[in-house]
Amino acid sequence: MRRAASRRSLRLQSFAKINLGLEVLGTRDDGYHELRTLFQTIDLADEIVLRPRPNGAGVTVSCPHPLVPRDESNLAVRAAEALRRFGRVEAGVHIEIRKRIPVGGGLGGGSSNAAAVLRGLDALWRLGLGPEGLHGLARKLGADVPYFLVGGTVLGLARGDEVYPLRRQLQAHVVLVDAGLPVSTEAVFRRLDQSLTPRGNSNSIFYFVSRDLEGKQDLRLLTNDLEQAALDEAPALKERAERIRGVLVQAGAGLVALSGSGSTYFGLFSEAGGARRGRSALVAAGFMAIGARTLSLDQYRRAWSHSLGR
Ligand code: C5P
């Protein structure tokens, strides 16, 4: 091993994201899709504890959630293995994951866990790579992983892995609603490709960013091109989506949308009171609804500094 690893454990918060808007521009030679998306971190977070293990002891993971794999197919394990190889580290690590972010809901939990493991082990193993030095490894792990090295309100291009923070960071109260019909991201993209409806490329994100530069945040412009494909993939979602949208709009949400490929919907509110009313109305209608706040780039950075003791 090149440097002495720290022997203490590290406790990290691994935040969720929502996609304020998402446009699919076409297919790429690598099988992925060319995207334009606006990512936003929220303060709903999993907790990750990294416990050092002796040299040669390898990487292990524990997580009580039934849908989270406890072998090498777990993205957090793959992140640790990739960094170990890259940094020629012999020390092992045990990764403990306490899930609060709904699994398979389009909130980026797995990608966020992978980015948290990269950042945490970079510190624990004293590799000194930082977010910039970890970017290449993050891209190979998944399209959303690089975003979680940055956080806040960010424009994502290419596969979503080219990330550009916006100057104006959104501040809002968020209501998340689990529509209860998990859909596979891969299946939703496949469905979009098979759709007979011609895909008219929208410019809503371009307009949002232009308006943002003028000092105006026009959330109503934003749309998610994956929503129709997700509704086709899980037809029972349609009726639930209409009810969720109705309740959140009634409570005063400025934007109601599906996050990523779903199946979590969210509403954004400028006032805490509206968010509270929206959440209560959804719970009364039998939905699983969670309240959260957006996290800006600075708030995200501060949370990292705090966790890494810097
Ligand atoms: O990169 P990640 O494993 O998170 O992506 C999950 C799936 O989503 C991919 O296997 C691919 O089917 C789809 N995807 C895509 N284009 C993107 C991002 C994801 O087709 N830009």
# chains A, B, ... in the order shown; residues from 1 in each chain; ligands from 1
$ residues_near_ligand --ligand "ligand 1" --cutoff "8 Å" --atoms "only C-alpha atoms and all ligand atoms" --output "CSV table (one decimal) with N, CA, C and O atoms, in the first residue's frame"
chain,number,residue,atom,x,y,z
A,27,THR,N,-30.2,8.2,-29.3
A,27,THR,CA,-29.4,7.1,-28.8
A,27,THR,C,-28.0,7.3,-29.1
A,27,THR,O,-27.7,8.0,-30.1
A,31,GLY,N,-24.9,2.6,-26.6
A,31,GLY,CA,-26.2,2.0,-26.1
A,31,GLY,C,-26.9,2.8,-25.1
A,31,GLY,O,-28.1,2.6,-24.8
A,32,TYR,N,-26.2,3.8,-24.6
A,32,TYR,CA,-26.9,4.8,-23.7
A,32,TYR,C,-27.6,5.8,-24.5
A,32,TYR,O,-27.6,5.8,-25.7
A,33,HIS,N,-28.3,6.8,-23.8
A,33,HIS,CA,-29.0,7.8,-24.5
A,33,HIS,C,-28.4,9.2,-24.2
A,33,HIS,O,-27.8,9.4,-23.1
A,34,GLU,N,-28.5,10.0,-25.2
A,34,GLU,CA,-27.9,11.4,-25.0
A,34,GLU,C,-29.0,12.2,-24.3
A,34,GLU,O,-30.2,12.2,-24.7
A,35,LEU,N,-28.6,12.8,-23.1
A,35,LEU,CA,-29.6,13.5,-22.3
A,35,LEU,C,-29.3,14.9,-22.1
A,35,LEU,O,-28.1,15.4,-22.2
A,111,SER,N,-26.4,5.2,-7.0
A,111,SER,CA,-25.4,6.0,-7.5
A,111,SER,C,-24.8,6.9,-6.4
A,111,SER,O,-23.6,7.1,-6.4
A,141,LEU,N,-18.7,3.7,-13.3
A,141,LEU,CA,-19.6,3.0,-12.4
A,141,LEU,C,-21.1,3.2,-12.8
A,141,LEU,O,-21.9,2.3,-12.7
A,142,GLY,N,-21.4,4.4,-13.4
A,142,GLY,CA,-22.8,4.7,-13.8
A,142,GLY,C,-23.0,6.1,-14.2
A,142,GLY,O,-22.2,7.0,-13.7
A,143,ALA,N,-24.0,6.3,-15.0
A,143,ALA,CA,-24.2,7.7,-15.6
A,143,ALA,C,-24.5,8.8,-14.5
A,143,ALA,O,-24.2,9.9,-14.7
A,144,ASP,N,-25.1,8.4,-13.4
A,144,ASP,CA,-25.5,9.4,-12.4
A,144,ASP,C,-24.4,9.6,-11.3
A,144,ASP,O,-24.5,10.5,-10.5
A,145,VAL,N,-23.4,8.7,-11.3
A,145,VAL,CA,-22.4,8.8,-10.2
A,145,VAL,C,-21.6,10.1,-10.2
A,145,VAL,O,-21.5,10.7,-9.1
A,158,ALA,N,-24.7,14.8,-22.1
A,158,ALA,CA,-24.1,13.5,-22.6
A,158,ALA,C,-25.0,12.4,-21.9
A,158,ALA,O,-26.2,12.4,-22.1
A,159,ARG,N,-24.4,11.5,-21.2
A,159,ARG,CA,-25.2,10.4,-20.6
A,159,ARG,C,-25.8,10.9,-19.3
A,159,ARG,O,-26.3,10.1,-18.5
A,160,GLY,N,-25.6,12.2,-19.0
A,160,GLY,CA,-26.0,12.7,-17.7
A,160,GLY,C,-24.7,12.8,-16.8
A,160,GLY,O,-24.8,13.3,-15.7
A,161,ASP,N,-23.6,12.4,-17.4
A,161,ASP,CA,-22.3,12.3,-16.6
A,161,ASP,C,-21.4,13.5,-16.8
A,161,ASP,O,-20.3,13.6,-16.2
A,185,THR,N,-35.2,1.1,-14.9
A,185,THR,CA,-34.7,2.2,-15.8
A,185,THR,C,-34.4,1.8,-17.2
A,185,THR,O,-34.8,2.4,-18.2
A,186,GLU,N,-33.8,0.6,-17.3
A,186,GLU,CA,-33.4,0.0,-18.6
A,186,GLU,C,-34.7,-0.2,-19.4
A,186,GLU,O,-34.7,0.1,-20.6
A,187,ALA,N,-35.7,-0.8,-18.8
A,187,ALA,CA,-37.0,-1.1,-19.5
A,187,ALA,C,-37.7,0.2,-19.9
A,187,ALA,O,-38.2,0.2,-21.0
A,189,PHE,N,-36.2,3.1,-20.8
A,189,PHE,CA,-35.4,3.6,-21.9
A,189,PHE,C,-35.8,2.7,-23.2
A,189,PHE,O,-35.9,3.3,-24.3
A,190,ARG,N,-35.9,1.4,-23.0
A,190,ARG,CA,-36.1,0.5,-24.1
A,190,ARG,C,-37.5,0.9,-24.7
A,190,ARG,O,-37.7,1.0,-25.9
$ residues_around --residues "Glu242 (chain A)" --least-positions-apart "4" --cutoff "12 Å" --atoms "only C-alpha atoms" --output "PyMOL selection string"
chain A and resi 179+231+236-238+246-249+256-258+265
$ write_last_selection --atoms "all heavy atoms" --output "mmCIF file, in the first residue's frame"
data_model
loop_
_atom_site.group_PDB
_atom_site.id
_atom_site.type_symbol
_atom_site.label_atom_id
_atom_site.label_comp_id
_atom_site.auth_asym_id
_atom_site.auth_seq_id
_atom_site.Cartn_x
_atom_site.Cartn_y
_atom_site.Cartn_z
ATOM 1 N N ALA A 179 -44.998 6.139 -5.806
ATOM 2 C CA ALA A 179 -46.234 5.700 -6.464
ATOM 3 C C ALA A 179 -46.443 4.197 -6.277
ATOM 4 O O ALA A 179 -47.489 3.660 -6.655
ATOM 5 C CB ALA A 179 -46.210 6.064 -7.944
ATOM 6 N N LEU A 231 -45.120 5.344 -17.865
ATOM 7 C CA LEU A 231 -46.559 5.062 -17.772
ATOM 8 C C LEU A 231 -46.943 3.899 -18.686
ATOM 9 O O LEU A 231 -47.799 3.086 -18.349
ATOM 10 C CB LEU A 231 -47.382 6.304 -18.123
ATOM 11 C CG LEU A 231 -47.249 7.501 -17.170
ATOM 12 C CD1 LEU A 231 -47.995 8.714 -17.707
ATOM 13 C CD2 LEU A 231 -47.750 7.154 -15.774
ATOM 14 N N ALA A 236 -50.724 0.876 -14.544
ATOM 15 C CA ALA A 236 -51.457 1.225 -13.314
ATOM 16 C C ALA A 236 -50.945 2.533 -12.704
ATOM 17 O O ALA A 236 -51.586 3.136 -11.831
ATOM 18 C CB ALA A 236 -51.344 0.091 -12.302
ATOM 19 N N LEU A 237 -49.770 2.969 -13.180
ATOM 20 C CA LEU A 237 -49.163 4.203 -12.659
ATOM 21 C C LEU A 237 -49.972 5.438 -13.067
ATOM 22 O O LEU A 237 -49.997 6.440 -12.356
ATOM 23 C CB LEU A 237 -47.740 4.292 -13.228
ATOM 24 C CG LEU A 237 -46.723 5.228 -12.599
ATOM 25 C CD1 LEU A 237 -46.545 4.937 -11.124
ATOM 26 C CD2 LEU A 237 -45.370 5.096 -13.317
ATOM 27 N N LYS A 238 -50.645 5.345 -14.223
ATOM 28 C CA LYS A 238 -51.305 6.513 -14.804
ATOM 29 C C LYS A 238 -52.342 7.119 -13.851
ATOM 30 O O LYS A 238 -52.328 8.310 -13.567
ATOM 31 C CB LYS A 238 -51.966 6.114 -16.122
ATOM 32 C CG LYS A 238 -52.401 7.286 -16.956
ATOM 33 C CD LYS A 238 -52.748 6.784 -18.343
ATOM 34 C CE LYS A 238 -53.118 7.780 -19.355
ATOM 35 N NZ LYS A 238 -53.598 9.008 -19.206
ATOM 36 N N GLY A 246 -52.877 15.934 -9.017
ATOM 37 C CA GLY A 246 -54.031 16.739 -8.600
ATOM 38 C C GLY A 246 -53.854 17.272 -7.179
ATOM 39 O O GLY A 246 -54.027 18.473 -6.931
ATOM 40 N N VAL A 247 -53.475 16.392 -6.255
ATOM 41 C CA VAL A 247 -53.332 16.794 -4.847
ATOM 42 C C VAL A 247 -52.220 17.834 -4.692
ATOM 43 O O VAL A 247 -52.385 18.861 -4.007
ATOM 44 C CB VAL A 247 -53.023 15.549 -3.955
ATOM 45 C CG1 VAL A 247 -52.639 15.968 -2.547
ATOM 46 C CG2 VAL A 247 -54.206 14.594 -3.936
ATOM 47 N N LEU A 248 -51.065 17.598 -5.349
ATOM 48 C CA LEU A 248 -49.921 18.501 -5.154
ATOM 49 C C LEU A 248 -50.169 19.873 -5.800
ATOM 50 O O LEU A 248 -49.791 20.906 -5.242
ATOM 51 C CB LEU A 248 -48.635 17.853 -5.694
ATOM 52 C CG LEU A 248 -48.126 16.663 -4.856
ATOM 53 C CD1 LEU A 248 -46.934 15.981 -5.542
ATOM 54 C CD2 LEU A 248 -47.720 17.096 -3.448
ATOM 55 N N VAL A 249 -50.829 19.877 -6.963
ATOM 56 C CA VAL A 249 -51.142 21.156 -7.620
ATOM 57 C C VAL A 249 -52.127 21.951 -6.753
ATOM 58 O O VAL A 249 -51.957 23.145 -6.506
ATOM 59 C CB VAL A 249 -51.695 20.924 -9.048
ATOM 60 C CG1 VAL A 249 -52.297 22.189 -9.625
ATOM 61 C CG2 VAL A 249 -50.587 20.409 -9.971
ATOM 62 N N VAL A 256 -44.745 19.651 -10.490
ATOM 63 C CA VAL A 256 -44.961 18.255 -10.109
ATOM 64 C C VAL A 256 -44.404 17.419 -11.249
ATOM 65 O O VAL A 256 -44.752 17.653 -12.409
ATOM 66 C CB VAL A 256 -46.454 17.911 -9.904
ATOM 67 C CG1 VAL A 256 -46.613 16.451 -9.489
ATOM 68 C CG2 VAL A 256 -47.097 18.823 -8.863
ATOM 69 N N ALA A 257 -43.517 16.470 -10.938
ATOM 70 C CA ALA A 257 -42.900 15.681 -12.014
ATOM 71 C C ALA A 257 -42.462 14.323 -11.496
ATOM 72 O O ALA A 257 -42.367 14.100 -10.290
ATOM 73 C CB ALA A 257 -41.707 16.434 -12.595
ATOM 74 N N LEU A 258 -42.172 13.454 -12.463
ATOM 75 C CA LEU A 258 -41.604 12.144 -12.149
ATOM 76 C C LEU A 258 -40.093 12.348 -12.047
ATOM 77 O O LEU A 258 -39.507 13.080 -12.834
ATOM 78 C CB LEU A 258 -41.915 11.188 -13.308
ATOM 79 C CG LEU A 258 -41.463 9.743 -13.172
ATOM 80 C CD1 LEU A 258 -42.347 9.000 -12.167
ATOM 81 C CD2 LEU A 258 -41.511 9.020 -14.526
ATOM 82 N N TYR A 265 -42.764 10.367 -7.683
ATOM 83 C CA TYR A 265 -43.155 11.708 -8.128
ATOM 84 C C TYR A 265 -42.732 12.699 -7.051
ATOM 85 O O TYR A 265 -42.568 12.332 -5.887
ATOM 86 C CB TYR A 265 -44.670 11.793 -8.345
ATOM 87 C CG TYR A 265 -45.078 11.282 -9.705
ATOM 88 C CD1 TYR A 265 -45.256 9.925 -9.940
ATOM 89 C CD2 TYR A 265 -45.268 12.158 -10.769
ATOM 90 C CE1 TYR A 265 -45.609 9.453 -11.201
ATOM 91 C CE2 TYR A 265 -45.619 11.696 -12.035
ATOM 92 C CZ TYR A 265 -45.786 10.351 -12.239
ATOM 93 O OH TYR A 265 -46.126 9.902 -13.492
#
$ residues_around --residues "Tyr164 (chain A)" --least-positions-apart "4" --cutoff "7 Å" --atoms "only C-alpha atoms" --output "number ranges by chain"
A: 154-156
$ closest_residue --among "A:Leu166, A:Thr41, A:Leu12, A:Pro66" --to "Leu213 (chain A)" --atoms "only C-alpha atoms"
A:Leu166
$ atom_distance --atom1 "CA of Pro165 (chain A)" --atom2 "CA of Asp46 (chain A)"
22.9 Å
$ select_by_dssp --residues "region 139-185 of chain A" --states "strand (DSSP E)" --output "MDAnalysis selection string"
chainID A and resid 153:158 162:165 173:178
$ closest_atom_pairs --of "region 106-221 of chain A" --to "region 69-78 of chain A" --cutoff "7 Å" --atoms "only C-alpha atoms" --output "JSON lines"
{"residue": "A:Gly110", "atom": "CA", "partner": "A:Leu75", "partner_atom": "CA", "distance": 6.3}
{"residue": "A:Asn113", "atom": "CA", "partner": "A:Ala76", "partner_atom": "CA", "distance": 5.7}
{"residue": "A:Ala114", "atom": "CA", "partner": "A:Ala76", "partner_atom": "CA", "distance": 4.3}
{"residue": "A:Val117", "atom": "CA", "partner": "A:Ala76", "partner_atom": "CA", "distance": 6.2}
